[in-house]
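Data file: coords.txt. Format and content: compact mmCIF, C-alpha atoms.
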```txt
# COMPACT_ATOMS: atom_id res chain seq x y z
CA MET T 23 22.80 -8.48 55.53
CA THR T 24 22.06 -8.58 51.79
CA ASP T 25 24.70 -9.82 49.41
CA THR T 26 24.15 -8.33 45.92
CA SER T 27 26.22 -8.98 42.88
CA VAL T 28 25.93 -7.28 39.54
CA ILE T 29 26.10 -9.31 36.38
CA THR T 30 26.96 -7.31 33.31
CA ARG T 31 25.80 -8.59 29.95
CA GLU T 32 26.89 -7.05 26.69
CA GLY T 33 24.43 -6.78 23.82
CA GLY T 34 20.65 -6.84 23.52
CA ALA T 35 20.21 -3.36 25.03
CA THR T 36 18.73 -1.89 21.87
CA SER T 37 17.93 -2.68 18.26
CA ILE T 38 20.57 -2.73 15.52
CA ALA T 39 18.02 -2.09 12.79
CA SER T 40 19.24 0.33 10.14
CA PRO T 41 17.27 3.22 8.56
CA ARG T 42 16.81 0.94 5.54
CA ASP T 43 14.99 -1.59 7.72
CA TYR T 44 12.65 1.10 9.04
CA PHE T 45 12.05 2.32 5.50
CA ALA T 46 11.23 -1.24 4.43
CA LEU T 47 8.49 -1.21 7.10
CA LEU T 48 6.68 1.40 5.04
CA LYS T 49 6.31 -0.93 2.01
CA PRO T 50 8.05 1.44 -0.43
CA ARG T 51 6.82 -0.34 -3.57
CA VAL T 52 3.20 0.08 -2.51
CA MET T 53 3.96 3.68 -1.54
CA THR T 54 5.19 4.35 -5.09
CA LEU T 55 1.89 3.27 -6.64
CA VAL T 56 -0.06 5.18 -3.98
CA VAL T 57 1.92 8.37 -4.58
CA PHE T 58 1.47 8.05 -8.32
CA THR T 59 -2.30 7.50 -8.23
CA GLY T 60 -2.70 10.21 -5.59
CA LEU T 61 -0.77 12.63 -7.79
CA VAL T 62 -2.99 11.79 -10.78
CA GLY T 63 -6.12 12.43 -8.72
CA LEU T 64 -4.74 15.79 -7.63
CA VAL T 65 -3.63 16.84 -11.12
CA ALA T 66 -6.82 15.63 -12.84
CA ALA T 67 -9.00 17.64 -10.45
CA PRO T 68 -10.46 20.76 -12.07
CA VAL T 69 -8.93 23.09 -9.45
CA ASP T 70 -5.39 24.41 -9.47
CA MET T 71 -3.51 23.99 -6.23
CA ASN T 72 -0.61 25.92 -4.81
CA PRO T 73 2.45 23.78 -5.73
CA LEU T 74 3.72 23.69 -2.15
CA ALA T 75 0.34 22.61 -0.79
CA ALA T 76 0.11 20.00 -3.56
CA ALA T 77 3.57 18.64 -2.76
CA ILE T 78 2.72 18.43 0.94
CA ALA T 79 -0.57 16.69 0.13
CA ILE T 80 1.28 14.05 -1.91
CA LEU T 81 3.85 13.66 0.90
CA CYS T 82 1.02 13.13 3.39
CA ILE T 83 -0.58 10.48 1.18
CA ALA T 84 2.80 8.73 0.90
CA VAL T 85 3.51 8.87 4.63
CA GLY T 86 -0.04 7.78 5.45
CA ALA T 87 0.32 4.78 3.16
CA GLY T 88 3.67 3.97 4.74
CA ALA T 89 2.16 4.20 8.19
CA ALA T 90 -0.58 1.75 7.20
CA GLY T 91 2.12 -0.56 5.85
CA ALA T 92 4.03 -0.46 9.14
CA LEU T 93 0.89 -1.28 11.11
CA ASN T 94 0.18 -4.16 8.75
CA MET T 95 3.70 -5.56 9.12
CA ALA T 96 3.49 -5.29 12.89
CA TYR T 97 0.24 -7.23 13.08
CA ASP T 98 1.02 -9.78 10.35
CA ALA T 99 4.54 -10.66 11.53
CA ASP T 100 3.44 -14.20 12.36
CA ILE T 101 2.10 -15.02 8.91
CA ASP T 102 4.78 -12.96 7.14
CA ALA T 103 7.41 -15.19 8.78
CA VAL T 104 5.78 -18.29 7.26
CA MET T 105 5.36 -17.01 3.70
CA ARG T 106 8.33 -17.05 1.33
CA ARG T 107 7.20 -13.79 -0.28
CA THR T 108 7.25 -11.89 3.01
CA ARG T 109 9.61 -13.69 5.39
CA LEU T 110 12.38 -11.13 4.86
CA ARG T 111 10.24 -8.27 6.16
CA PRO T 112 11.86 -6.52 9.14
CA VAL T 113 9.39 -7.56 11.83
CA ALA T 114 9.01 -11.09 10.42
CA ARG T 115 12.75 -11.73 10.67
CA GLY T 116 13.04 -10.11 14.09
CA VAL T 117 15.14 -7.07 13.15
CA ILE T 118 12.46 -4.66 14.35
CA ARG T 119 10.11 -5.42 17.23
CA ALA T 120 6.37 -5.36 16.57
CA ASP T 121 5.77 -2.66 19.19
CA GLU T 122 8.30 -0.41 17.46
CA ALA T 123 6.51 -0.93 14.15
CA TYR T 124 3.15 -0.16 15.81
CA GLY T 125 4.62 2.99 17.32
CA LEU T 126 6.07 4.13 14.01
CA GLY T 127 2.77 3.46 12.25
CA VAL T 128 0.71 5.39 14.78
CA VAL T 129 3.05 8.39 14.90
CA LEU T 130 3.35 8.64 11.11
CA SER T 131 -0.44 8.30 10.77
CA LEU T 132 -1.03 11.19 13.16
CA MET T 133 1.61 13.38 11.52
CA SER T 134 0.35 12.76 7.98
CA VAL T 135 -3.32 13.36 8.82
CA LEU T 136 -2.54 16.50 10.83
CA LEU T 137 -0.34 17.94 8.10
CA MET T 138 -2.94 17.10 5.43
CA ALA T 139 -5.59 18.99 7.42
CA LEU T 140 -3.31 22.01 7.78
CA ALA T 141 -2.13 22.06 4.16
CA THR T 142 -5.38 21.26 2.36
CA ASN T 143 -8.74 20.63 3.99
CA TYR T 144 -10.47 18.50 6.61
CA VAL T 145 -12.23 16.30 4.05
CA ALA T 146 -8.95 15.14 2.54
CA ALA T 147 -7.47 14.63 6.03
CA GLY T 148 -10.56 12.69 7.07
CA LEU T 149 -10.36 10.45 4.00
CA LEU T 150 -6.67 9.84 4.64
CA ALA T 151 -7.36 8.92 8.26
CA PHE T 152 -10.22 6.66 7.18
CA SER T 153 -8.08 4.88 4.59
CA ILE T 154 -5.32 4.20 7.14
CA LEU T 155 -7.82 2.89 9.68
CA PHE T 156 -9.58 0.83 7.02
CA TYR T 157 -6.36 -0.87 5.96
CA ALA T 158 -5.06 -1.43 9.49
CA LEU T 159 -8.26 -2.43 11.25
CA VAL T 160 -10.78 -3.65 8.67
CA TYR T 161 -8.41 -5.38 6.25
CA THR T 162 -5.39 -6.38 8.32
CA MET T 163 -6.94 -7.25 11.66
CA TRP T 164 -10.31 -8.57 10.48
CA LEU T 165 -10.84 -9.48 6.82
CA LYS T 166 -7.44 -10.84 5.79
CA ARG T 167 -7.56 -13.90 8.08
CA SER T 168 -11.30 -14.47 8.05
CA THR T 169 -12.76 -14.36 4.54
CA PRO T 170 -11.81 -15.08 0.93
CA GLN T 171 -13.40 -11.71 0.11
CA ASN T 172 -10.56 -10.09 2.07
CA ILE T 173 -8.92 -8.28 -0.83
CA VAL T 174 -12.22 -7.45 -2.55
CA ILE T 175 -13.35 -5.31 0.38
CA GLY T 176 -9.92 -4.52 1.75
CA GLY T 177 -8.80 -3.33 -1.68
CA ALA T 178 -10.76 -0.17 -1.03
CA ALA T 179 -7.83 1.04 1.06
CA GLY T 180 -5.62 1.11 -2.02
CA ALA T 181 -8.33 2.82 -4.05
CA PHE T 182 -8.52 5.89 -1.83
CA PRO T 183 -5.33 7.73 -2.86
CA PRO T 184 -6.59 9.22 -6.16
CA MET T 185 -9.79 10.27 -4.40
CA ILE T 186 -7.74 11.85 -1.60
CA GLY T 187 -5.60 13.70 -4.16
CA TRP T 188 -8.75 14.97 -5.90
CA VAL T 189 -10.36 16.06 -2.62
CA ALA T 190 -7.14 17.76 -1.50
CA ALA T 191 -7.49 20.01 -4.55
CA THR T 192 -11.24 20.53 -4.64
CA GLY T 193 -12.47 19.97 -1.10
CA THR T 194 -15.28 17.66 -2.19
CA VAL T 195 -15.82 14.18 -3.60
CA SER T 196 -17.19 14.20 -7.15
CA LEU T 197 -18.35 11.57 -9.63
CA ASP T 198 -14.95 11.60 -11.35
CA ALA T 199 -13.16 11.08 -8.02
CA PHE T 200 -15.48 8.16 -7.32
CA ILE T 201 -14.73 6.71 -10.78
CA LEU T 202 -11.00 6.81 -10.06
CA PHE T 203 -11.72 5.03 -6.77
CA MET T 204 -13.81 2.36 -8.52
CA ILE T 205 -11.15 1.73 -11.18
CA ILE T 206 -8.60 0.71 -8.56
CA PHE T 207 -11.22 -1.01 -6.38
CA LEU T 208 -12.27 -3.31 -9.24
CA TRP T 209 -8.66 -3.77 -10.43
CA THR T 210 -7.56 -5.15 -7.08
CA PRO T 211 -9.29 -8.59 -7.22
CA PRO T 212 -7.93 -9.80 -10.61
CA HIS T 213 -4.52 -8.33 -9.70
CA SER T 214 -4.35 -9.95 -6.27
CA TRP T 215 -5.90 -13.26 -7.25
CA ALA T 216 -3.51 -13.66 -10.18
CA LEU T 217 -0.69 -13.43 -7.62
CA ALA T 218 -2.52 -15.71 -5.22
CA LEU T 219 -2.99 -18.37 -7.91
CA TYR T 220 0.71 -18.99 -8.32
CA LYS T 221 1.50 -18.35 -4.65
CA SER T 222 -1.38 -20.34 -3.20
CA GLY T 223 0.97 -22.71 -1.40
CA ASP T 224 2.44 -19.78 0.46
CA TYR T 225 -0.94 -18.45 1.58
CA SER T 226 -2.15 -21.93 2.48
CA ALA T 227 0.88 -22.51 4.72
CA ALA T 228 0.11 -19.26 6.53
CA GLY T 229 -3.58 -20.05 6.92
CA VAL T 230 -4.70 -17.00 4.95
CA PRO T 231 -8.04 -17.77 3.22
CA MET T 232 -7.16 -16.29 -0.15
CA MET T 233 -9.64 -17.22 -2.86
CA PRO T 234 -7.58 -20.08 -4.41
CA VAL T 235 -7.11 -21.59 -0.95
CA ALA T 236 -10.71 -21.12 0.23
CA LYS T 237 -12.77 -21.66 -2.93
CA GLY T 238 -10.30 -23.41 -5.22
CA PRO T 239 -8.35 -22.30 -8.29
CA LYS T 240 -11.18 -22.96 -10.79
CA SER T 241 -13.58 -20.60 -9.00
CA THR T 242 -10.79 -18.06 -8.64
CA ARG T 243 -10.00 -18.13 -12.35
CA LEU T 244 -13.70 -17.53 -13.17
CA GLN T 245 -13.93 -14.66 -10.70
CA ILE T 246 -10.82 -13.10 -12.22
CA VAL T 247 -12.65 -12.90 -15.55
CA ILE T 248 -15.83 -11.51 -13.95
CA TYR T 249 -13.96 -8.81 -12.07
CA THR T 250 -11.87 -8.04 -15.17
CA ILE T 251 -15.03 -7.28 -17.11
CA ALA T 252 -16.35 -5.09 -14.28
CA PHE T 253 -12.96 -3.37 -14.08
CA LEU T 254 -12.90 -2.66 -17.81
CA VAL T 255 -16.41 -1.16 -17.60
CA ALA T 256 -15.12 1.20 -14.89
CA VAL T 257 -12.10 2.02 -17.05
CA THR T 258 -14.38 3.27 -19.86
CA ALA T 259 -16.30 5.59 -17.49
CA PRO T 260 -13.77 8.47 -17.66
CA VAL T 261 -14.28 8.66 -21.43
CA LEU T 262 -18.02 9.04 -20.91
CA THR T 263 -17.73 11.75 -18.24
CA GLY T 264 -15.00 13.65 -20.07
CA LEU T 265 -12.39 12.99 -17.39
CA GLY T 266 -10.36 11.01 -19.92
CA GLY T 267 -9.62 12.24 -23.43
CA MET T 268 -8.31 10.54 -26.54
CA VAL T 269 -4.91 9.62 -25.06
CA TYR T 270 -6.66 7.94 -22.15
CA ALA T 271 -9.26 6.31 -24.42
CA GLY T 272 -6.58 4.81 -26.69
CA SER T 273 -4.49 3.51 -23.79
CA ALA T 274 -7.49 2.11 -21.98
CA LEU T 275 -8.87 0.39 -25.10
CA VAL T 276 -5.67 -1.26 -26.30
CA GLY T 277 -4.43 -2.18 -22.85
CA GLY T 278 -7.88 -3.30 -21.80
CA ALA T 279 -8.08 -5.73 -24.69
CA ILE T 280 -4.75 -7.25 -23.68
CA PHE T 281 -5.88 -7.40 -20.04
CA LEU T 282 -9.01 -9.31 -21.05
CA ILE T 283 -7.02 -11.71 -23.25
CA LEU T 284 -4.63 -12.43 -20.39
CA ALA T 285 -7.51 -12.95 -17.97
CA LEU T 286 -9.17 -15.40 -20.37
CA ARG T 287 -5.85 -17.19 -20.76
CA VAL T 288 -5.70 -17.64 -17.00
CA TYR T 289 -9.31 -18.85 -17.01
CA ARG T 290 -8.56 -21.55 -19.59
CA SER T 291 -5.34 -22.60 -17.85
CA LYS T 292 -4.69 -24.77 -14.82
CA ALA T 293 -3.08 -21.98 -12.83
CA GLY T 294 -3.10 -22.70 -9.13
CA ASP T 295 -4.12 -26.35 -9.39
CA ALA T 296 -2.24 -27.71 -6.40
CA ASN T 297 -3.50 -31.27 -6.69
CA ALA T 298 -2.75 -31.78 -10.37
CA ALA T 299 -1.76 -35.25 -11.49
CA GLU T 300 1.78 -35.99 -12.59
CA ASP T 301 0.96 -35.61 -16.29
CA GLU T 302 -0.72 -32.27 -15.66
CA LEU T 303 2.20 -30.61 -13.90
CA TYR T 304 3.44 -28.98 -17.09
CA ALA T 305 -0.02 -27.55 -17.68
CA VAL T 306 -0.03 -26.20 -14.13
CA ARG T 307 3.35 -24.55 -14.62
CA PHE T 308 2.13 -23.07 -17.90
CA GLY T 309 -0.99 -21.84 -16.11
CA ASP T 310 1.09 -20.34 -13.35
CA LYS T 311 3.01 -18.43 -16.02
CA ALA T 312 -0.31 -17.11 -17.37
CA ALA T 313 -1.18 -15.93 -13.85
CA ARG T 314 2.23 -14.29 -13.47
CA ASP T 315 1.80 -12.55 -16.83
CA LEU T 316 -1.61 -11.21 -15.81
CA PHE T 317 -0.23 -10.03 -12.47
CA ALA T 318 2.68 -8.20 -14.10
CA PHE T 319 0.50 -6.70 -16.85
CA SER T 320 -2.11 -5.54 -14.35
CA ILE T 321 0.46 -3.30 -12.69
CA GLY T 322 1.63 -1.93 -16.03
CA TYR T 323 -1.91 -1.33 -17.27
CA LEU T 324 -3.02 0.58 -14.19
CA SER T 325 0.12 2.70 -14.42
CA LEU T 326 -0.54 3.28 -18.14
CA ILE T 327 -4.12 4.56 -17.80
CA PHE T 328 -3.25 6.77 -14.84
CA ALA T 329 -0.21 8.07 -16.71
CA ALA T 330 -2.51 8.90 -19.64
CA LEU T 331 -4.68 11.00 -17.30
CA LEU T 332 -1.57 12.70 -15.92
CA VAL T 333 -0.34 13.54 -19.41
CA GLU T 334 -3.72 14.89 -20.46
CA HIS T 335 -4.38 17.03 -17.41
CA GLY T 336 -0.81 17.79 -16.37
CA LEU T 337 0.61 18.64 -19.78
CA GLY T 338 -2.55 20.00 -21.34
CA LEU T 339 -2.70 17.28 -24.00
CA TYR T 340 -6.39 16.64 -23.55
CA TRP T 341 -8.36 16.00 -26.73
CA SER T 342 -12.00 15.49 -26.07
CA PRO T 343 -13.45 12.29 -27.53
CA LEU T 344 -16.17 14.57 -28.88
CA GLY T 345 -13.62 16.57 -30.86
CA GLY T 346 -11.58 19.67 -30.01
CA LEU T 347 -8.57 20.32 -27.85
CA SER T 348 -9.46 21.45 -24.35
CA MET V 16 19.24 -12.75 59.98
CA THR V 17 20.64 -12.69 56.45
CA GLN V 18 18.60 -11.74 53.36
CA PRO V 19 18.65 -13.97 50.25
CA ASP V 20 21.29 -13.10 47.62
CA GLU V 21 20.09 -10.65 44.95
CA ASN V 22 21.61 -10.70 41.52
CA ARG V 23 21.19 -7.64 39.43
CA GLU V 24 21.78 -7.77 35.71
CA THR V 25 22.82 -4.76 33.73
CA VAL V 26 22.89 -4.71 29.98
CA VAL V 27 25.61 -2.78 28.21
CA PRO V 28 25.09 -1.92 24.55
CA THR V 29 27.68 -3.06 22.03
CA GLU V 30 29.41 -0.58 19.72
CA GLU V 31 27.13 -1.64 16.86
CA GLU V 32 24.04 -1.04 19.00
CA LYS V 33 25.31 2.39 20.06
CA LYS V 34 25.91 3.34 16.41
CA ALA V 35 22.46 2.14 15.40
CA GLN V 36 20.88 4.10 18.26
CA LYS V 37 22.72 7.28 17.24
CA ARG V 38 21.56 6.82 13.65
CA ARG V 39 17.96 6.35 14.82
CA ASN V 40 18.15 9.39 17.06
CA LEU V 41 19.45 11.49 14.19
CA VAL V 42 16.68 10.37 11.83
CA ILE V 43 14.02 11.05 14.49
CA ALA V 44 15.47 14.51 15.13
CA LEU V 45 15.59 15.35 11.42
CA THR V 46 12.02 14.09 10.97
CA LEU V 47 10.75 16.25 13.81
CA VAL V 48 12.57 19.31 12.49
CA GLY V 49 11.25 18.59 9.00
CA PHE V 50 7.70 18.30 10.36
CA ALA V 51 8.06 21.62 12.18
CA VAL V 52 9.39 23.27 9.01
CA LEU V 53 6.46 21.94 6.98
CA VAL V 54 3.93 23.18 9.53
CA PHE V 55 5.62 26.60 9.46
CA ALA V 56 5.60 26.64 5.64
CA VAL V 57 1.90 25.73 5.54
CA THR V 58 1.12 28.42 8.11
CA VAL V 59 2.91 31.08 6.04
CA LEU V 60 1.13 29.83 2.90
CA ARG V 61 -2.28 30.04 4.55
CA LEU V 62 -1.64 33.44 6.07
CA SER V 63 -0.39 34.94 2.81
CA SER V 64 -3.33 33.55 0.83
CA ASN V 65 -5.73 34.93 3.46
CA ILE V 66 -4.06 38.35 3.28
CA SER V 67 -4.14 38.43 -0.52
CA ALA V 68 -7.79 37.38 -0.43
CA GLY V 69 -8.48 40.56 1.55
CA GLY V 70 -8.59 39.16 5.04
CA GLY V 71 -7.71 41.26 8.07
```
Give the structure from this file in structure tokens form.
Amino acid sequence: MTDTSVITREGGATSIASPRDYFALLKPRVMTLVVFTGLVGLVAAPVDMNPLAAAIAILCIAVGAGAAGALNMAYDADIDAVMRRTRLRPVARGVIRADEAYGLGVVLSLMSVLLMALATNYVAAGLLAFSILFYALVYTMWLKRSTPQNIVIGGAAGAFPPMIGWVAATGTVSLDAFILFMIIFLWTPPHSWALALYKSGDYSAAGVPMMPVAKGPKSTRLQIVIYTIAFLVAVTAPVLTGLGGMVYAGSALVGGAIFLILALRVYRSKAGDANAAEDELYAVRFGDKAARDLFAFSIGYLSLIFAALLVEHGLGLYWSPLGGLS
Amino acid sequence: MTQPDENRETVVPTEEEKKAQKRRNLVIALTLVGFAVLVFAVTVLRLSSNISAGGG
């Protein structure tokens, strides 16, 4: 005869995560920049879109970016838990299970790509799918933990949105769409390495081979300057092709000069020097401030030049650098 | 011959867990409905643009 007894335990049956926790999985701050650059790509394209289709395209770009963010948080929960910058993320602190985050990421990816294909065209949907896969598989699961070039190559994922917006409107990739891609692609290294310089301890603790950890702060500071110059060359390209008018040219020129000055300031500083001697600690802190300033300005500058394109193409305030209002 | 004792454990959700589950269910339902509405809207948009372009 079998004697069975039932033990009843209260609690632990299901998650208590709130909608805000699930929204945090989508990296809303990254989504904001993605939506903005995607919108600029769509508006700057030389084809008018139905407003509803355009709105749905932007929604798909946002949801696709959020899905990629959820997949990233699911996979990187172990290193996120170690880093001060990321330890409050939902999966890292155990509020949401990794398999739930994976599930959310996959479902949102499928929905966003499908809806993009229905609302616009297959090329835009294909690019969106590729960008999600690139971020989740190539950057998150492969490059991030294995090479100091992680954000150089992986940064391509963040450069796709304006191209996707452009393709959603036109159906094809053009030189101007590629220029918008290259602007963000070349912006990503100085932006990310400026952050990494004053957070290198965090990345080192997590075993992530960011450039300051893998190659040292001095090499990183030099590469910031090199990529800044390449980035500023890309920033001038819209003026040459006619994509950017006078408003864009003025913003790009003034802001670009400040960007270069800040990058050179970081280069001459001791930002990121973890093994500085006692009497150099002040210089290190000053250098870290220079890195923080560059990081903060890089976000503002990218927003400024894309806003200039939005104003020119969205509000019809385009003055050709060759003269004449278009 | 007696069988070994079997202990079965059941887990009962707390009130907080039940509330969170209801909230999640509601958000999932609204998302699915929203997705269906968007697909419908896109379908109508495509059909009307095809008709105005002279399609059959």
Checklist entry - Rounded to one decimal in Å, what is the spacing between atom CA of V:Arg38 and atom CA of T:Phe45? => result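 Atom CA of V:Arg38 sits 13.3 Å away from atom CA of T:Phe45.
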Checklist entry - Between atom CA of T:Gly176 and atom CA of T:Asp295, what is the spacing in Å? => result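 For atom CA of T:Asp295 relative to atom CA of T:Gly176, the distance reads 25.2 Å.
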Checklist entry - Could you state the separation of atom CA of T:Thr210 and atom CA of T:Val174 in Å, given to one decimal place? => result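 Distance between the two atoms: 6.9 Å.
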Counting all atoms listed in the file, what are the residues of chain T within 9 Å of chain V, and for each of them which pair of atoms is the nearest and at what distance in Å, to one decimal? Sort the table by chain and rising number, as a Markdown table.
```
| residue | atom | partner | partner_atom | distance |
| --- | --- | --- | --- | --- |
| T:Met23 | CA | V:Thr17 | CA | 4.8 |
| T:Thr24 | CA | V:Gln18 | CA | 4.9 |
| T:Asp25 | CA | V:Asp20 | CA | 5.1 |
| T:Thr26 | CA | V:Glu21 | CA | 4.8 |
| T:Ser27 | CA | V:Asn22 | CA | 5.1 |
| T:Val28 | CA | V:Arg23 | CA | 4.8 |
| T:Ile29 | CA | V:Glu24 | CA | 4.6 |
| T:Thr30 | CA | V:Thr25 | CA | 4.9 |
| T:Arg31 | CA | V:Val26 | CA | 4.9 |
| T:Glu32 | CA | V:Val27 | CA | 4.7 |
| T:Gly33 | CA | V:Pro28 | CA | 5.0 |
| T:Gly34 | CA | V:Pro28 | CA | 6.7 |
| T:Ala35 | CA | V:Pro28 | CA | 5.1 |
| T:Thr36 | CA | V:Glu32 | CA | 6.1 |
| T:Ser37 | CA | V:Glu32 | CA | 6.4 |
| T:Ile38 | CA | V:Glu32 | CA | 5.2 |
| T:Ala39 | CA | V:Ala35 | CA | 6.7 |
| T:Ser40 | CA | V:Ala35 | CA | 6.4 |
| T:Pro41 | CA | V:Arg39 | CA | 7.0 |
| T:Asn72 | CA | V:Leu60 | CA | 8.8 |
| T:Leu74 | CA | V:Val57 | CA | 8.2 |
| T:Ala75 | CA | V:Val57 | CA | 7.2 |
| T:Ile78 | CA | V:Leu53 | CA | 7.9 |
| T:Met133 | CA | V:Phe50 | CA | 7.9 |
| T:Leu137 | CA | V:Val54 | CA | 6.9 |
| T:Leu140 | CA | V:Val57 | CA | 6.8 |
| T:Ala141 | CA | V:Val57 | CA | 5.6 |
```
Box in all listed atoms of stretch 56-70 of chain V, axis-aligned, with 4 Å more on each side; write out centre and edge lengths in Å to one decimal as lines of an AutoDock Vina configuration file.
```
center_x = -1.5
center_y = 33.1
center_z = 3.8
size_x = 22.2
size_y = 22.8
size_z = 16.6
```
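The nearest approach to V:Thr46 among the residues T:Val85, T:Met53, T:Ala318, T:Ile327, with all atoms listed in the file taken into account, belongs to T:Val85.
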Checklist outcome for this item: Residue with the minimum atom-to-atom distance to T:Leu155, picked from T:Ile101, T:Tyr340, T:Leu81, T:Gly91 with all atoms listed in the file counted, is T:Gly91
Residue completion, stretch 21-37 of chain V, N, CA and C atoms, as an mmCIF file, keeping the file's coordinate frame:
```cif
data_model
loop_
_atom_site.group_PDB
_atom_site.id
_atom_site.type_symbol
_atom_site.label_atom_id
_atom_site.label_comp_id
_atom_site.auth_asym_id
_atom_site.auth_seq_id
_atom_site.Cartn_x
_atom_site.Cartn_y
_atom_site.Cartn_z
ATOM 1 N N GLU V 21 20.769 -11.275 46.092
ATOM 2 C CA GLU V 21 20.090 -10.650 44.950
ATOM 3 C C GLU V 21 21.105 -10.482 43.838
ATOM 4 N N ASN V 22 20.749 -10.914 42.684
ATOM 5 C CA ASN V 22 21.610 -10.700 41.520
ATOM 6 C C ASN V 22 20.970 -9.666 40.629
ATOM 7 N N ARG V 23 21.705 -8.633 40.340
ATOM 8 C CA ARG V 23 21.190 -7.640 39.430
ATOM 9 C C ARG V 23 21.927 -7.747 38.101
ATOM 10 N N GLU V 24 21.160 -7.666 37.031
ATOM 11 C CA GLU V 24 21.780 -7.770 35.710
ATOM 12 C C GLU V 24 21.731 -6.416 35.035
ATOM 13 N N THR V 25 22.826 -5.969 34.548
ATOM 14 C CA THR V 25 22.820 -4.760 33.730
ATOM 15 C C THR V 25 23.225 -5.128 32.318
ATOM 16 N N VAL V 26 22.605 -4.437 31.385
ATOM 17 C CA VAL V 26 22.890 -4.710 29.980
ATOM 18 C C VAL V 26 23.660 -3.541 29.409
ATOM 19 N N VAL V 27 24.761 -3.825 28.801
ATOM 20 C CA VAL V 27 25.610 -2.780 28.210
ATOM 21 C C VAL V 27 25.516 -2.891 26.695
ATOM 22 N N PRO V 28 25.199 -1.810 26.016
ATOM 23 C CA PRO V 28 25.090 -1.920 24.550
ATOM 24 C C PRO V 28 26.459 -2.132 23.915
ATOM 25 N N THR V 29 26.446 -2.877 22.799
ATOM 26 C CA THR V 29 27.680 -3.060 22.030
ATOM 27 C C THR V 29 27.924 -1.808 21.189
ATOM 28 N N GLU V 30 29.082 -1.737 20.571
ATOM 29 C CA GLU V 30 29.410 -0.580 19.720
ATOM 30 C C GLU V 30 28.419 -0.479 18.560
ATOM 31 N N GLU V 31 28.070 -1.632 17.988
ATOM 32 C CA GLU V 31 27.130 -1.640 16.860
ATOM 33 C C GLU V 31 25.761 -1.101 17.307
ATOM 34 N N GLU V 32 25.337 -1.498 18.494
ATOM 35 C CA GLU V 32 24.040 -1.040 19.000
ATOM 36 C C GLU V 32 24.077 0.461 19.263
ATOM 37 N N LYS V 33 25.203 0.944 19.791
ATOM 38 C CA LYS V 33 25.310 2.390 20.060
ATOM 39 C C LYS V 33 25.246 3.171 18.748
ATOM 40 N N LYS V 34 25.929 2.653 17.716
ATOM 41 C CA LYS V 34 25.910 3.340 16.410
ATOM 42 C C LYS V 34 24.511 3.364 15.837
ATOM 43 N N ALA V 35 23.826 2.222 15.940
ATOM 44 C CA ALA V 35 22.460 2.140 15.400
ATOM 45 C C ALA V 35 21.534 3.108 16.153
ATOM 46 N N GLN V 36 21.711 3.203 17.458
ATOM 47 C CA GLN V 36 20.880 4.100 18.260
ATOM 48 C C GLN V 36 21.131 5.561 17.874
ATOM 49 N N LYS V 37 22.386 5.892 17.641
ATOM 50 C CA LYS V 37 22.720 7.280 17.240
ATOM 51 C C LYS V 37 22.084 7.589 15.900
#
```
